[in-house]
>>> print(open('coords-v4.txt').read())   # compact mmCIF, C-alpha atoms
# COMPACT_ATOMS: atom_id res chain seq x y z
CA MET A 1 64.07 58.03 43.70
CA MET A 2 64.28 60.91 46.18
CA ARG A 3 65.99 60.29 49.49
CA GLU A 4 63.94 60.87 52.62
CA ALA A 5 65.02 63.97 54.52
CA HIS A 6 66.88 63.25 57.74
CA ALA A 7 67.47 66.28 59.96
CA GLU A 8 69.94 66.25 62.85
CA LEU A 9 70.79 68.89 65.44
CA ILE A 10 74.55 69.04 65.04
CA SER A 11 77.50 71.39 65.51
CA GLY A 12 79.97 72.65 62.95
CA ASN A 13 82.82 70.91 64.77
CA ARG A 14 81.08 67.56 64.57
CA MET A 15 80.36 68.14 60.89
CA VAL A 16 84.06 68.80 60.27
CA ALA A 17 84.79 65.40 61.80
CA GLN A 18 82.04 63.72 59.78
CA GLY A 19 83.30 65.38 56.61
CA ALA A 20 86.79 64.06 57.31
CA LEU A 21 85.49 60.54 57.85
CA ASP A 22 83.47 60.68 54.63
CA ALA A 23 86.55 61.95 52.77
CA GLY A 24 88.49 58.86 53.79
CA CYS A 25 90.51 60.19 56.74
CA ARG A 26 92.32 57.25 58.32
CA PHE A 27 94.54 58.98 60.87
CA PHE A 28 93.92 61.71 63.44
CA SER A 29 96.24 63.06 66.10
CA GLY A 30 95.30 65.99 68.29
CA TYR A 31 95.55 67.84 71.55
CA PRO A 32 92.31 69.22 73.04
CA ILE A 33 91.94 72.99 72.83
CA THR A 34 88.84 75.15 73.04
CA PRO A 35 86.92 75.71 70.78
CA SER A 36 88.02 72.79 68.57
CA SER A 37 87.85 69.99 71.15
CA GLU A 38 84.65 68.42 69.81
CA ILE A 39 86.47 67.55 66.58
CA TYR A 40 89.08 65.75 68.70
CA GLU A 41 86.37 64.00 70.72
CA THR A 42 84.41 62.86 67.65
CA MET A 43 87.46 61.54 65.83
CA MET A 44 88.59 59.66 68.93
CA LYS A 45 85.20 57.94 69.16
CA GLU A 46 84.38 57.33 65.51
CA LEU A 47 87.63 56.90 63.57
CA PRO A 48 88.60 53.54 65.14
CA ALA A 49 85.17 52.17 64.17
CA ARG A 50 86.11 52.87 60.55
CA ASN A 51 89.42 51.02 60.77
CA GLY A 52 91.35 54.23 61.35
CA LEU A 53 93.73 55.32 64.09
CA ALA A 54 93.08 58.25 66.45
CA MET A 55 95.86 59.32 68.81
CA ALA A 56 95.97 61.68 71.77
CA SER A 57 99.23 63.60 71.43
CA PRO A 58 101.09 65.32 74.30
CA ASP A 59 101.06 68.68 72.48
CA GLU A 60 100.21 70.35 69.17
CA ILE A 61 103.74 70.07 67.77
CA THR A 62 103.61 66.31 68.16
CA ALA A 63 100.05 66.13 66.81
CA LEU A 64 100.87 67.61 63.42
CA ALA A 65 104.22 65.79 63.21
CA GLN A 66 102.40 62.48 63.71
CA CYS A 67 99.90 63.43 61.00
CA VAL A 68 102.71 64.24 58.58
CA GLY A 69 104.36 60.90 59.34
CA ALA A 70 101.09 59.02 58.78
CA SER A 71 100.54 60.87 55.52
CA MET A 72 104.01 59.95 54.31
CA CYS A 73 102.99 56.34 54.86
CA GLY A 74 100.00 56.87 52.58
CA TYR A 75 97.16 57.61 55.00
CA LYS A 76 94.79 60.59 54.76
CA ALA A 77 95.46 62.54 57.96
CA MET A 78 94.00 65.44 59.91
CA THR A 79 94.46 67.36 63.14
CA ALA A 80 92.42 70.12 64.79
CA THR A 81 93.45 73.11 66.88
CA SER A 82 92.89 76.79 67.66
CA GLY A 83 95.16 79.85 67.47
CA PRO A 84 97.74 79.04 70.19
CA GLY A 85 98.07 75.48 68.93
CA TRP A 86 98.42 76.66 65.34
CA CYS A 87 101.37 78.82 66.37
CA LEU A 88 103.13 75.71 67.66
CA MET A 89 102.38 73.81 64.44
CA ILE A 90 103.81 76.33 61.99
CA GLU A 91 107.29 74.81 61.67
CA THR A 92 105.76 71.44 60.80
CA VAL A 93 103.33 73.09 58.37
CA GLN A 94 106.33 74.47 56.50
CA TYR A 95 107.95 71.03 56.52
CA ALA A 96 104.78 69.58 54.96
CA VAL A 97 104.83 72.29 52.28
CA MET A 98 108.47 71.59 51.43
CA THR A 99 108.08 67.80 51.42
CA GLU A 100 104.77 68.00 49.52
CA THR A 101 102.94 66.05 52.21
CA PRO A 102 99.13 66.17 52.22
CA VAL A 103 97.57 66.99 55.59
CA VAL A 104 94.39 68.78 56.67
CA ILE A 105 94.32 71.14 59.67
CA ALA A 106 91.00 72.27 61.12
CA LEU A 107 91.63 75.61 62.83
CA VAL A 108 88.70 76.87 64.92
CA GLN A 109 89.43 80.52 65.68
CA ARG A 110 89.02 82.23 69.03
CA LEU A 111 89.79 85.71 70.30
CA GLY A 112 93.52 86.42 70.52
CA PRO A 113 96.33 87.28 70.73
CA SER A 114 98.14 84.71 72.87
CA THR A 115 95.72 82.55 74.88
CA GLY A 116 93.20 85.37 74.51
CA GLY A 117 89.57 84.47 75.09
CA ALA A 118 89.20 80.71 74.83
CA THR A 119 85.40 80.87 74.77
CA GLN A 120 85.08 84.06 72.70
CA GLY A 121 84.81 83.99 68.94
CA ALA A 122 86.86 86.01 66.46
CA GLN A 123 88.17 85.99 62.90
CA GLY A 124 91.71 87.09 63.62
CA ASP A 125 93.83 84.22 62.32
CA VAL A 126 93.41 84.81 58.58
CA LEU A 127 96.89 86.20 57.93
CA LEU A 128 98.47 84.10 60.68
CA VAL A 129 97.40 81.10 58.60
CA GLU A 130 98.20 82.40 55.15
CA SER A 131 101.50 84.13 56.00
CA CYS A 132 102.99 81.34 58.10
CA THR A 133 105.47 80.14 55.46
CA SER A 134 108.83 81.66 54.70
CA GLY A 135 108.56 82.78 51.09
CA GLY A 136 104.81 83.36 51.10
CA TYR A 137 103.69 80.06 49.57
CA THR A 138 99.90 79.85 49.33
CA LEU A 139 98.13 77.48 51.68
CA PRO A 140 94.62 76.63 50.44
CA VAL A 141 92.20 77.92 53.09
CA PHE A 142 88.46 77.18 53.22
CA ALA A 143 86.07 79.07 55.54
CA PRO A 144 82.67 77.58 56.44
CA ALA A 145 79.79 79.62 57.87
CA THR A 146 77.34 76.82 58.63
CA ALA A 147 77.45 73.26 59.92
CA ARG A 148 76.59 71.97 56.44
CA GLN A 149 79.46 73.93 54.93
CA CYS A 150 81.79 72.50 57.59
CA HIS A 151 81.10 69.04 56.20
CA GLU A 152 81.29 70.01 52.54
CA LEU A 153 84.41 72.17 52.86
CA THR A 154 86.22 69.51 54.89
CA GLN A 155 85.65 67.15 51.98
CA ALA A 156 87.01 69.85 49.65
CA ALA A 157 90.04 70.30 51.91
CA PHE A 158 90.88 66.62 51.72
CA TYR A 159 90.32 66.56 47.97
CA TRP A 160 92.75 69.39 47.28
CA SER A 161 95.26 68.29 49.91
CA GLU A 162 95.54 64.87 48.28
CA ARG A 163 95.21 66.18 44.72
CA LEU A 164 98.03 68.74 45.06
CA ARG A 165 100.01 67.15 47.92
CA THR A 166 99.86 70.18 50.20
CA PRO A 167 98.68 71.18 53.67
CA VAL A 168 95.14 72.63 53.58
CA VAL A 169 93.39 74.59 56.35
CA ILE A 170 89.70 74.60 57.27
CA LEU A 171 89.40 78.01 58.96
CA SER A 172 86.31 77.90 61.15
CA ASP A 173 85.50 80.00 64.21
CA LYS A 174 84.06 79.47 67.66
CA GLU A 175 80.46 80.31 66.75
CA VAL A 176 80.40 78.13 63.64
CA GLY A 177 82.19 75.28 65.40
CA MET A 178 80.18 75.13 68.63
CA THR A 179 76.68 76.22 67.58
CA LEU A 180 74.09 73.47 67.18
CA GLU A 181 71.84 73.78 64.15
CA SER A 182 69.46 71.58 62.20
CA VAL A 183 71.04 69.94 59.14
CA ASP A 184 69.39 67.65 56.61
CA VAL A 185 72.29 65.20 56.52
CA SER A 186 70.65 63.17 53.75
CA SER A 187 71.09 66.05 51.30
CA ILE A 188 74.77 66.80 51.93
CA VAL A 189 76.77 66.78 48.72
CA ARG A 190 79.42 64.05 48.69
CA ARG A 191 82.59 65.04 46.82
CA PRO A 192 84.78 62.53 44.99
CA VAL A 193 87.45 61.04 47.24
CA ALA A 194 90.82 62.05 45.80
CA GLU A 195 93.78 59.72 45.68
CA ARG A 196 97.40 60.72 45.21
CA ALA A 197 98.90 59.97 41.83
CA ALA A 198 100.92 56.85 42.61
CA PHE A 199 104.34 56.05 41.21
CA THR A 200 104.00 53.35 38.55
CA GLY A 201 107.57 52.93 37.37
CA ARG A 202 106.60 54.11 33.91
CA HIS A 203 109.29 56.81 33.93
CA GLY A 204 112.09 54.72 35.42
CA GLU A 205 113.61 54.93 38.88
CA PHE A 206 111.57 56.63 41.61
CA ARG A 207 112.67 60.12 42.61
CA SER A 208 110.74 61.70 45.49
CA TYR A 209 110.26 65.14 43.91
CA ALA A 210 110.28 64.36 40.19
CA CYS A 211 107.17 66.23 39.02
CA GLU A 212 106.41 65.89 35.32
CA CYS A 213 105.39 69.55 35.07
CA MET A 214 105.53 72.59 37.34
CA GLU A 215 101.74 72.68 37.84
CA GLU A 216 101.34 69.11 39.12
CA PRO A 217 102.70 67.28 42.19
CA PRO A 218 105.21 64.43 41.89
CA ALA A 219 104.07 60.82 41.86
CA PHE A 220 103.73 59.34 45.36
CA ALA A 221 105.36 56.34 46.95
CA ALA A 222 104.73 55.57 50.61
CA LEU A 223 107.41 55.22 53.22
CA GLY A 224 107.88 51.52 53.76
CA SER A 225 107.01 50.63 50.17
CA ALA A 226 109.34 48.98 47.69
CA GLU A 227 110.65 52.35 46.54
CA ARG A 228 113.47 54.29 48.17
CA VAL A 229 111.71 57.40 49.48
CA VAL A 230 113.70 60.46 50.53
CA ALA A 231 111.98 63.24 52.45
CA THR A 232 113.68 66.46 53.51
CA GLY A 233 112.64 69.94 54.52
CA SER A 234 115.94 71.30 53.24
CA LEU A 235 116.53 72.64 49.74
CA HIS A 236 116.78 69.62 47.45
CA ASP A 237 116.82 68.32 43.90
CA ARG A 238 114.24 65.96 42.35
CA ALA A 239 115.88 62.93 43.94
CA GLY A 240 115.66 64.53 47.39
CA ARG A 241 119.40 65.14 47.64
CA LEU A 242 120.34 68.29 49.54
CA ARG A 243 121.30 71.06 47.12
CA LYS A 244 121.85 74.75 47.66
CA ILE A 245 120.99 77.38 45.05
CA VAL A 246 121.15 75.40 41.84
CA PRO A 247 118.61 75.72 38.99
CA GLU A 248 116.85 72.45 39.83
CA SER A 249 116.28 73.27 43.50
CA VAL A 250 115.00 76.76 42.63
CA GLU A 251 112.63 75.25 40.07
CA LEU A 252 111.19 73.02 42.78
CA LEU A 253 110.56 76.05 45.01
CA ILE A 254 108.74 77.76 42.14
CA HIS A 255 106.79 74.53 41.62
CA LEU A 256 105.41 74.66 45.20
CA GLN A 257 103.54 77.86 44.32
CA ALA A 258 102.87 77.04 40.66
CA LYS A 259 100.85 73.92 41.46
CA ILE A 260 98.52 75.96 43.69
CA ALA A 261 98.24 78.92 41.31
CA ALA A 262 97.43 76.66 38.35
CA HIS A 263 94.34 75.33 40.14
CA ALA A 264 93.28 78.55 41.87
CA GLU A 265 90.12 79.06 39.85
CA GLU A 266 89.04 75.46 40.44
CA MET A 267 89.45 75.93 44.19
CA ALA A 268 87.64 79.28 44.28
CA MET A 269 84.21 78.69 45.81
CA VAL A 270 81.66 81.36 46.71
CA GLU A 271 77.95 81.70 47.42
CA GLU A 272 76.41 84.84 46.00
CA GLU A 273 73.16 86.77 45.77
CA LEU A 274 73.82 89.38 43.11
CA ALA A 275 71.50 92.32 42.48
CA ALA A 276 71.14 93.91 39.05
CA ASN A 277 72.91 97.29 38.84
CA ALA A 278 74.16 96.92 42.40
CA GLU A 279 75.70 100.00 43.97
CA MET A 280 77.53 98.01 46.65
CA LEU A 281 78.99 94.52 47.02
CA VAL A 282 79.13 93.10 50.54
CA LEU A 283 81.76 90.37 51.04
CA SER A 284 82.16 88.21 54.11
CA TYR A 285 83.18 84.78 55.38
CA GLY A 286 82.65 82.51 58.37
CA ILE A 287 80.09 83.45 61.01
CA SER A 288 80.04 87.10 59.85
CA ALA A 289 78.72 86.02 56.44
CA ARG A 290 75.43 85.00 58.03
CA ALA A 291 74.81 88.50 59.36
CA ALA A 292 76.06 90.04 56.11
CA ARG A 293 73.63 87.97 54.02
CA GLU A 294 70.71 89.07 56.20
CA ALA A 295 71.82 92.72 56.08
CA CYS A 296 71.90 92.62 52.26
CA ARG A 297 68.42 91.12 52.09
CA ARG A 298 67.06 93.86 54.37
CA MET A 299 68.71 96.61 52.33
CA ASN A 300 67.32 95.19 49.09
CA ARG A 301 63.83 95.01 50.60
CA ASP A 302 64.20 98.69 51.50
CA GLY A 303 65.00 99.62 47.90
CA ARG A 304 68.81 99.64 47.89
CA ARG A 305 70.66 97.66 45.24
CA VAL A 306 73.19 95.56 47.14
CA SER A 307 74.95 92.34 46.13
CA PHE A 308 76.20 89.73 48.59
CA MET A 309 79.05 87.24 48.32
CA GLN A 310 80.16 84.69 50.89
CA LEU A 311 83.75 83.55 50.35
CA LEU A 312 84.05 79.82 50.96
CA THR A 313 87.65 79.90 49.69
CA LEU A 314 89.85 82.56 51.26
CA PHE A 315 93.08 81.40 49.61
CA PRO A 316 93.84 81.20 46.78
CA ILE A 317 91.81 84.41 46.46
CA ALA A 318 88.74 84.08 44.25
CA THR A 319 89.98 87.06 42.27
CA GLU A 320 87.92 86.72 39.10
CA ARG A 321 84.69 85.89 40.93
CA ILE A 322 85.12 88.93 43.18
CA ARG A 323 85.98 91.29 40.34
CA ARG A 324 82.96 90.18 38.31
CA ALA A 325 80.61 90.64 41.26
CA ALA A 326 82.13 94.06 42.08
CA GLN A 327 81.90 95.36 38.52
CA GLY A 328 79.92 98.59 38.48
CA CYS A 329 79.75 98.83 42.30
CA ALA A 330 80.83 102.12 43.83
CA LYS A 331 81.72 100.44 47.13
CA VAL A 332 82.86 97.00 48.30
CA ALA A 333 82.22 96.33 51.99
CA VAL A 334 84.15 93.55 53.75
CA VAL A 335 82.57 92.28 56.96
CA GLU A 336 84.79 90.39 59.43
CA GLU A 337 85.13 89.96 63.17
CA ASN A 338 88.48 91.58 63.86
CA SER A 339 89.70 95.07 64.64
CA GLN A 340 91.42 96.21 61.45
CA GLY A 341 89.89 94.43 58.48
CA ILE A 342 92.47 91.68 57.99
CA TYR A 343 91.00 90.11 54.87
CA ALA A 344 89.99 93.52 53.54
CA SER A 345 93.69 94.39 53.39
CA VAL A 346 94.23 91.33 51.17
CA LEU A 347 91.51 92.53 48.79
CA GLU A 348 92.92 96.04 48.27
CA SER A 349 94.72 94.96 45.11
CA VAL A 350 91.64 93.11 43.84
CA VAL A 351 88.93 95.77 44.17
CA GLY A 352 90.92 98.96 44.76
CA THR A 353 91.60 100.75 48.03
CA GLU A 354 89.29 103.66 47.20
CA ARG A 355 86.24 101.38 47.04
CA LEU A 356 86.86 99.39 50.21
CA VAL A 357 84.59 99.80 53.22
CA ARG A 358 85.55 97.92 56.38
CA VAL A 359 82.87 96.61 58.75
CA ASN A 360 84.52 95.22 61.86
CA GLY A 361 83.73 94.10 65.38
CA LEU A 362 85.94 92.83 68.17
CA GLY A 363 84.78 90.58 71.00
CA HIS A 364 81.26 90.26 69.65
CA MET A 365 79.47 88.96 66.58
CA ILE A 366 78.65 91.67 64.06
CA THR A 367 74.91 92.24 63.66
CA PRO A 368 72.96 92.97 60.46
CA THR A 369 72.04 96.37 61.90
CA GLU A 370 75.71 97.33 62.36
CA ILE A 371 76.43 96.35 58.77
CA ILE A 372 73.50 98.38 57.44
CA GLU A 373 74.59 101.45 59.44
CA VAL A 374 78.11 101.36 58.02
CA ALA A 375 76.84 100.67 54.49
CA GLU A 376 74.44 103.60 54.59
CA ALA A 377 77.16 105.94 55.84
CA ALA A 378 79.63 104.85 53.12
>>> encode(input="coords-v4.txt", output="structure tokens")
Amino acid sequence: MMREAHAELISGNRMVAQGALDAGCRFFSGYPITPSSEIYETMMKELPARNGLAMASPDEITALAQCVGASMCGYKAMTATSGPGWCLMIETVQYAVMTETPVVIALVQRLGPSTGGATQGAQGDVLLVESCTSGGYTLPVFAPATARQCHELTQAAFYWSERLRTPVVILSDKEVGMTLESVDVSSIVRRPVAERAAFTGRHGEFRSYACECMEEPPAFAALGSAERVVATGSLHDRAGRLRKIVPESVELLIHLQAKIAAHAEEMAMVEEELAANAEMLVLSYGISARAAREACRRMNRDGRRVSFMQLLTLFPIATERIRRAAQGCAKVAVVEENSQGIYASVLESVVGTERLVRVNGLGHMITPTEIIEVAEAA
């Protein structure tokens, strides 16, 4: 039996909150910051009604630390912020990576640097997010372009955060987060709700970081449970005891990246409109992907052979999907709202520097016409 369509006028920020609630989020702590404040507001109103706890923290450092603590007790947890707040959270993000603590961070970008333009959109935080860890460990990063995708990718963020016991970022932007658009909420795809692999005692005494293989996270026991749980951000062995450079502690560092890399292809999500014998592939993400999609459709109507790909997963990079789509294309254009082509620089090793064409704008949304002009001149 088909469900009756039910359209709502709703923002991307609100859909992030709804996606978190549907994914089983039980704890939220945040500090209001434009343009992410509606996520904070929605979680404060709606999470307690679902037997969850929403807390107003005194600052962003405290917000993420409280989320990490709640997660260590077994609760699915999320916070929301923008660029300046993310900068304050980075130390705790690294702690969550090292302690293998699941947590979801919704980062709604605005124009930077520093406090920048609080009410102006941008896509400038891509490398600030991905390069925030010492050692370059990959944080899974999902980038929605529509309100519907905000809901669906928030569910994906919770799934992979719990599945791999890692921080995950939903990298939105001001225009996606604050724009109201009509969404048929009855047709939104509901993802499975992931649960952490719990310690069962099958392999003897509990050790906090005793993963059975490099590609999978260790079994979980909550703080306050019957097991003795040790958590530390310092270099440690499988029992959580502080150890310097010994083979076991180095193996656990390698494991932090291996568990992400092993599931990279599963995490890689794209939307694509591929043209036969395309001469150019246009890649984009976030709000810029909407203009890029329209530009490609116009160029194809005018007789050019152009393929389009929206990257829903920025990290791990959807390497194989991109290379397949770019096969045979003379040029690969990357459209993003920043001054230097931040994500384009990441793709140099994937598609080749000689093929890259950067389409950038700063302080304004990029239009389909601007994209077409650059593409035609390439």
>>> residues_around(input="coords-v4.txt", residues="segment 53-58 of chain A", least_positions_apart="3", cutoff="7 Å", atoms="all atoms listed in the file", output="ChimeraX atom specification")
/A:26-31,43-44,47-48,62-63
>>> closest_residue(input="coords-v4.txt", among="A:Leu111, A:Ser71, A:Pro167, A:Ser208", to="Ser339 of chain A", atoms="all atoms listed in the file")
A:Leu111
>>> closest_residue(input="coords-v4.txt", among="A:Ala77, A:Leu21, A:Met89, A:Cys150", to="Asp59 of chain A", atoms="all atoms listed in the file")
A:Met89
>>> atom_distance(input="coords-v4.txt", atom1="atom CA of Leu312 of chain A", atom2="atom CA of Lys331 of chain A")
21.1 Å
>>> closest_residue(input="coords-v4.txt", among="A:Ile39, A:Cys87, A:Leu283, A:Leu314", to="Ala264 of chain A", atoms="all atoms listed in the file")
A:Leu314
>>> residues_around(input="coords-v4.txt", residues="Asp237 of chain A", least_positions_apart="3", cutoff="6 Å", atoms="only C-alpha atoms", output="MDAnalysis selection string")
chainID A and resid 240:241 248:249
>>> residues_around(input="coords-v4.txt", residues="Glu38 of chain A", least_positions_apart="6", cutoff="10 Å", atoms="all atoms listed in the file", output="VMD selection string")
chain A and resid 11 to 17 32 44 80 177 to 178
>>> atom_distance(input="coords-v4.txt", atom1="atom CA of Glu8 of chain A", atom2="atom CA of Leu311 of chain A")
25.4 Å
>>> residues_around(input="coords-v4.txt", residues="segment 219-227 of chain A", least_positions_apart="6", cutoff="6 Å", atoms="only C-alpha atoms", output="JSON, numbers by chain")
{"A": [72, 73, 74, 197, 198, 199]}
>>> write_last_selection(input="coords-v4.txt", atoms="C-alpha atoms", output="compact mmCIF listing (two decimals), keeping the file's coordinate frame")
# COMPACT_ATOMS: atom_id res chain seq x y z
CA MET A 72 104.01 59.95 54.31
CA CYS A 73 102.99 56.34 54.86
CA GLY A 74 100.00 56.87 52.58
CA ALA A 197 98.90 59.97 41.83
CA ALA A 198 100.92 56.85 42.61
CA PHE A 199 104.34 56.05 41.21
>>> residues_around(input="coords-v4.txt", residues="Lys76 of chain A", least_positions_apart="3", cutoff="12 Å", atoms="all atoms listed in the file", output="PDB file with C-alpha atoms, in the frame of the given file")
ATOM      1  CA  ALA A  20      86.790  64.060  57.310  1.00  0.00           C
ATOM      2  CA  LEU A  21      85.490  60.540  57.850  1.00  0.00           C
ATOM      3  CA  ASP A  22      83.470  60.680  54.630  1.00  0.00           C
ATOM      4  CA  ALA A  23      86.550  61.950  52.770  1.00  0.00           C
ATOM      5  CA  GLY A  24      88.490  58.860  53.790  1.00  0.00           C
ATOM      6  CA  CYS A  25      90.510  60.190  56.740  1.00  0.00           C
ATOM      7  CA  ARG A  26      92.320  57.250  58.320  1.00  0.00           C
ATOM      8  CA  PHE A  27      94.540  58.980  60.870  1.00  0.00           C
ATOM      9  CA  PHE A  28      93.920  61.710  63.440  1.00  0.00           C
ATOM     10  CA  SER A  29      96.240  63.060  66.100  1.00  0.00           C
ATOM     11  CA  LEU A  47      87.630  56.900  63.570  1.00  0.00           C
ATOM     12  CA  GLY A  52      91.350  54.230  61.350  1.00  0.00           C
ATOM     13  CA  LEU A  53      93.730  55.320  64.090  1.00  0.00           C
ATOM     14  CA  GLN A  66     102.400  62.480  63.710  1.00  0.00           C
ATOM     15  CA  CYS A  67      99.900  63.430  61.000  1.00  0.00           C
ATOM     16  CA  VAL A  68     102.710  64.240  58.580  1.00  0.00           C
ATOM     17  CA  GLY A  69     104.360  60.900  59.340  1.00  0.00           C
ATOM     18  CA  ALA A  70     101.090  59.020  58.780  1.00  0.00           C
ATOM     19  CA  SER A  71     100.540  60.870  55.520  1.00  0.00           C
ATOM     20  CA  MET A  72     104.010  59.950  54.310  1.00  0.00           C
ATOM     21  CA  CYS A  73     102.990  56.340  54.860  1.00  0.00           C
ATOM     22  CA  THR A  79      94.460  67.360  63.140  1.00  0.00           C
ATOM     23  CA  THR A 101     102.940  66.050  52.210  1.00  0.00           C
ATOM     24  CA  PRO A 102      99.130  66.170  52.220  1.00  0.00           C
ATOM     25  CA  VAL A 103      97.570  66.990  55.590  1.00  0.00           C
ATOM     26  CA  VAL A 104      94.390  68.780  56.670  1.00  0.00           C
ATOM     27  CA  ILE A 105      94.320  71.140  59.670  1.00  0.00           C
ATOM     28  CA  GLN A 155      85.650  67.150  51.980  1.00  0.00           C
ATOM     29  CA  ALA A 157      90.040  70.300  51.910  1.00  0.00           C
ATOM     30  CA  PHE A 158      90.880  66.620  51.720  1.00  0.00           C
ATOM     31  CA  TYR A 159      90.320  66.560  47.970  1.00  0.00           C
ATOM     32  CA  TRP A 160      92.750  69.390  47.280  1.00  0.00           C
ATOM     33  CA  SER A 161      95.260  68.290  49.910  1.00  0.00           C
ATOM     34  CA  GLU A 162      95.540  64.870  48.280  1.00  0.00           C
ATOM     35  CA  ARG A 163      95.210  66.180  44.720  1.00  0.00           C
ATOM     36  CA  ARG A 165     100.010  67.150  47.920  1.00  0.00           C
ATOM     37  CA  THR A 166      99.860  70.180  50.200  1.00  0.00           C
ATOM     38  CA  PRO A 167      98.680  71.180  53.670  1.00  0.00           C
ATOM     39  CA  VAL A 193      87.450  61.040  47.240  1.00  0.00           C
ATOM     40  CA  ALA A 194      90.820  62.050  45.800  1.00  0.00           C
ATOM     41  CA  GLU A 195      93.780  59.720  45.680  1.00  0.00           C
ATOM     42  CA  ARG A 196      97.400  60.720  45.210  1.00  0.00           C
ATOM     43  CA  ALA A 222     104.730  55.570  50.610  1.00  0.00           C
TER      44      ALA A 222
END
>>> closest_residue(input="coords-v4.txt", among="A:Leu235, A:Leu274, A:Ile372, A:Met299", to="Tyr95 of chain A", atoms="only C-alpha atoms")
A:Leu235
>>> decode(input="coords-v4.txt", residues="segment 235-250 of chain A", atoms="N, CA and C atoms", output="PDB file, in the first residue's frame")
ATOM      1  N   LEU A 235      48.645   7.569  24.295  1.00  0.00           N
ATOM      2  CA  LEU A 235      49.029   6.325  23.638  1.00  0.00           C
ATOM      3  C   LEU A 235      48.858   5.172  24.618  1.00  0.00           C
ATOM      4  N   HIS A 236      48.213   4.083  24.164  1.00  0.00           N
ATOM      5  CA  HIS A 236      47.833   3.026  25.096  1.00  0.00           C
ATOM      6  C   HIS A 236      47.888   1.654  24.430  1.00  0.00           C
ATOM      7  N   ASP A 237      47.814   0.619  25.267  1.00  0.00           N
ATOM      8  CA  ASP A 237      47.707  -0.734  24.746  1.00  0.00           C
ATOM      9  C   ASP A 237      46.223  -1.130  24.715  1.00  0.00           C
ATOM     10  N   ARG A 238      45.936  -2.419  24.424  1.00  0.00           N
ATOM     11  CA  ARG A 238      44.548  -2.841  24.284  1.00  0.00           C
ATOM     12  C   ARG A 238      43.765  -2.786  25.592  1.00  0.00           C
ATOM     13  N   ALA A 239      44.449  -2.823  26.700  1.00  0.00           N
ATOM     14  CA  ALA A 239      43.781  -2.721  28.002  1.00  0.00           C
ATOM     15  C   ALA A 239      43.554  -1.270  28.414  1.00  0.00           C
ATOM     16  N   GLY A 240      44.086  -0.317  27.639  1.00  0.00           N
ATOM     17  CA  GLY A 240      43.965   1.082  27.988  1.00  0.00           C
ATOM     18  C   GLY A 240      45.081   1.590  28.871  1.00  0.00           C
ATOM     19  N   ARG A 241      46.083   0.764  29.115  1.00  0.00           N
ATOM     20  CA  ARG A 241      47.232   1.194  29.916  1.00  0.00           C
ATOM     21  C   ARG A 241      48.145   2.076  29.083  1.00  0.00           C
ATOM     22  N   LEU A 242      48.645   3.166  29.675  1.00  0.00           N
ATOM     23  CA  LEU A 242      49.513   4.087  28.951  1.00  0.00           C
ATOM     24  C   LEU A 242      50.807   3.397  28.545  1.00  0.00           C
ATOM     25  N   ARG A 243      51.095   3.448  27.234  1.00  0.00           N
ATOM     26  CA  ARG A 243      52.311   2.865  26.687  1.00  0.00           C
ATOM     27  C   ARG A 243      52.883   3.813  25.651  1.00  0.00           C
ATOM     28  N   LYS A 244      54.195   3.929  25.635  1.00  0.00           N
ATOM     29  CA  LYS A 244      54.824   4.750  24.606  1.00  0.00           C
ATOM     30  C   LYS A 244      54.982   3.919  23.343  1.00  0.00           C
ATOM     31  N   ILE A 245      56.014   4.134  22.577  1.00  0.00           N
ATOM     32  CA  ILE A 245      56.138   3.473  21.280  1.00  0.00           C
ATOM     33  C   ILE A 245      56.520   2.003  21.467  1.00  0.00           C
ATOM     34  N   VAL A 246      55.499   1.196  21.583  1.00  0.00           N
ATOM     35  CA  VAL A 246      55.652  -0.260  21.601  1.00  0.00           C
ATOM     36  C   VAL A 246      54.784  -0.791  20.473  1.00  0.00           C
ATOM     37  N   PRO A 247      55.070  -1.990  19.964  1.00  0.00           N
ATOM     38  CA  PRO A 247      54.320  -2.501  18.801  1.00  0.00           C
ATOM     39  C   PRO A 247      52.807  -2.465  18.990  1.00  0.00           C
ATOM     40  N   GLU A 248      52.307  -2.796  20.157  1.00  0.00           N
ATOM     41  CA  GLU A 248      50.858  -2.849  20.357  1.00  0.00           C
ATOM     42  C   GLU A 248      50.217  -1.481  20.265  1.00  0.00           C
ATOM     43  N   SER A 249      50.847  -0.460  20.826  1.00  0.00           N
ATOM     44  CA  SER A 249      50.267   0.890  20.770  1.00  0.00           C
ATOM     45  C   SER A 249      50.313   1.448  19.351  1.00  0.00           C
ATOM     46  N   VAL A 250      51.374   1.126  18.604  1.00  0.00           N
ATOM     47  CA  VAL A 250      51.455   1.574  17.210  1.00  0.00           C
ATOM     48  C   VAL A 250      50.398   0.873  16.369  1.00  0.00           C
TER      49      VAL A 250
END
